[in-house]
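See below for the structure under consideration.
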Protein chains: 2
Amino acid sequence: MRKITIFAVMNQIREIIVTNDDSYAAEGILVAAQLMREYGNVTIVAPKEPQSGKSASISLDMTMRLTKVSEEEAEGDLHSLAVYTFTGTPVDCVKMAMNMFLERGIMPDLLVSGINHGSNASVASVYSGTLGATAEGTIYGVPSIGLSINTHSMNPDFSGLVYYARKIMDMYFSDKGGFREGDYLNINFPDIPMEKIKGIKVAHQGKGQWVREFEKRVDPKGRDYYWMIGTFNDLDEDSRGDHHVVDDGYISIVPHRVDSTDYEEMERLKSVWKLE
Amino acid sequence: MRKITIFAVMNQIREIIVTNDDSYAAEGILVAAQLMREYGNVTIVAPKEPQSGKSASISLDMTMRLTKVSEEEAEGDLHSLAVYTFTGTPVDCVKMAMNMFLERGIMPDLLVSGINHGSNASVASVYSGTLGATAEGTIYGVPSIGLSINTHSMNPDFSGLVYYARKIMDMYFSDKGGFREGDYLNINFPDIPMEKIKGIKVAHQGKGQWVREFEKRVDPKGRDYYWMIGTFNDLDEDSRGDHHVVDDGYISIVPHRVDSTDYEEMERLKSVWKLE
């Protein structure tokens, strides 16, 4: 296979991709974009329609359309903002954004996905389109961060989130910032007033599962159909599981690896299954 | 949160779920089902339509329909086979299959997803509906194995695959079989004649990325649209990367963890970012 090298150039001003899975029209992405404009030029490439639960899916069998919605020059303390919608999944949006940057001959400095309306802690991280996007950014070699708030309200109080997200971004862009290549950060915020937030904790992906997941109904022609519902079954006994951290009033930060190989189990299988 | 306990009962005869992402009509799932009938009763719950690239996505906003297609009694050396189609994603299919088993008060012994027409090695594992299904089986506590052959042909020569897959299943069901709870196996087979297959190697998720991913076209009304294409950029310098193992004529087995937390990076962030 031929090797392709992608050249990163140092950007004069930071270039930041913002995307999400709730669509470009959601309140959360506007809050994320305004916050990130304090740190660099922001390019939004976000799904035209809501894409919750799309995980890292890609659109192999359908055509997609890109639309430029608006562009704002840098103003006051804020950098520039360009907004595009794309009719694919969150991962498709990241791929399109990356292809736009690579055509300009530059690599973005950061990708932010969210702010998702709804928790992406525990097993939700597996199904999440918000985190599918951060996985894709990571695959492209761009540091990627997912932001989610623990409510499905379309108009939550973002003041506590913005206050703490700014602290986290200040830390990220400081000398001690940054995280391991090949990882992305999954940051979940509790839906409580700023003064009630107890702090920020590094956490692990909480263990849990959804069960009893279908509601069966009968259509007007007498045929069965199903809606997805579900009850969360908490299987984590550790207070450091991210859903527990958030329930406890903290912000959780989980570093996830795109390479999900279990290296210890590799060695065990080699020896016990007597494989090469 | 209330805790729900799922009780597993010992099944008299093994119960095996078979699913895939190419749809119930694909050749690969029929081969997988026939093979698995040698080991236990097989219940196919597979997507009605092809679902390639759907990762671990779930259908939160659409209704779904379940159809029983056929049922075969145990015959000769083969156990029973029941075939259902479901109009959701591979993960939706696994959830439906699990809900069917839980209604019967039993847990399946194994889930097999595939045989996928196309490689799921390297970064394809992130986008793969085949492996989305194995992740979901694992979340439900059912040992789950994905099988893929490295060709998009709809009628590949499965003879080498079946020969080696039987060896792997014999090993799995032996006293030394089994793998770590919370992991699933991603097994990729080369598309070469049986006698050319060099053996089986335990591997890790190969490092790579897809780049140059869109072909822009113009529709009859003069508007741009995009198809997803792409070139694979191999970033793995290790011969143990699963795509290298398969290119080298071996079958690759990668144990993937559903919990993708980077535990080492957790500790580093705590200390360097001075977080709790």
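Scheme for the structure tokens: letters A, B, ... for chains in order shown; per-chain residue numbers from 1; ligand numbers from 1 in order shown.
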>> At a cut-off of 12 Å, using only C-alpha atoms, what residues contact segment 223-232 of chain A? Leave out same-chain residues fewer than 6 positions from it and give the result as JSON, numbers by chain.
In response: {"A": [53, 121, 122, 123, 124, 206, 207, 208, 209, 210, 211, 212, 213, 214, 215, 216, 217, 243], "B": [1, 2, 3, 4, 5, 58, 59, 60, 61, 62, 63, 64, 65, 66, 67, 86, 87, 88, 89, 91, 92, 93, 95, 96, 99, 139, 140]}
>> Report as a ChimeraX atom specification all protein, DNA and RNA residues lying within 12 Å of His152 of chain B, evaluated on only C-alpha atoms, omitting residues in the same chain fewer than 6 positions from it.
In response: /B:22,26-28,52,115-120,190-191
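Closest approach to chain A among B:Ser252, B:Thr261, B:Ser80, B:Asn155 is made by B:Thr261 (distances from only C-alpha atoms).
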> Using the chain letters and numbers from this document, which residues of segment 27-161 of chain B does DSSP assign to strand (DSSP E), as a VMD selection string?
Replying inline: chain B and resid 41 to 47 66 to 72 81 to 86 110 to 117 144 to 149
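The nearest approach to Ser159 of chain B among the residues B:Met194, B:Ser174, B:Ala135, B:Lys221, with only C-alpha atoms taken into account, belongs to B:Met194.
Ranking B:Ala82, B:Leu185, B:Ile192, B:Ile13 by their shortest atom-to-atom distance to Asp248 of chain B, with only C-alpha atoms included, puts B:Ile192 first.
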> Of the residues B:Asn11, B:Thr85, B:Ser148, B:Ser260, which is the one nearest to Ile44 of chain B, using only C-alpha atoms?
Replying inline: B:Thr85
> Got a sec: who's within 12 Å of segment 169-172 of chain B, counting only C-alpha atoms, leaving out chain neighbours fewer than 3 positions off, as a PyMOL selection string?
Replying inline: (chain A and resi 269+272-275) or (chain B and resi 32+35-40+109-112+143-145+147+161-166+175-179+185+187)
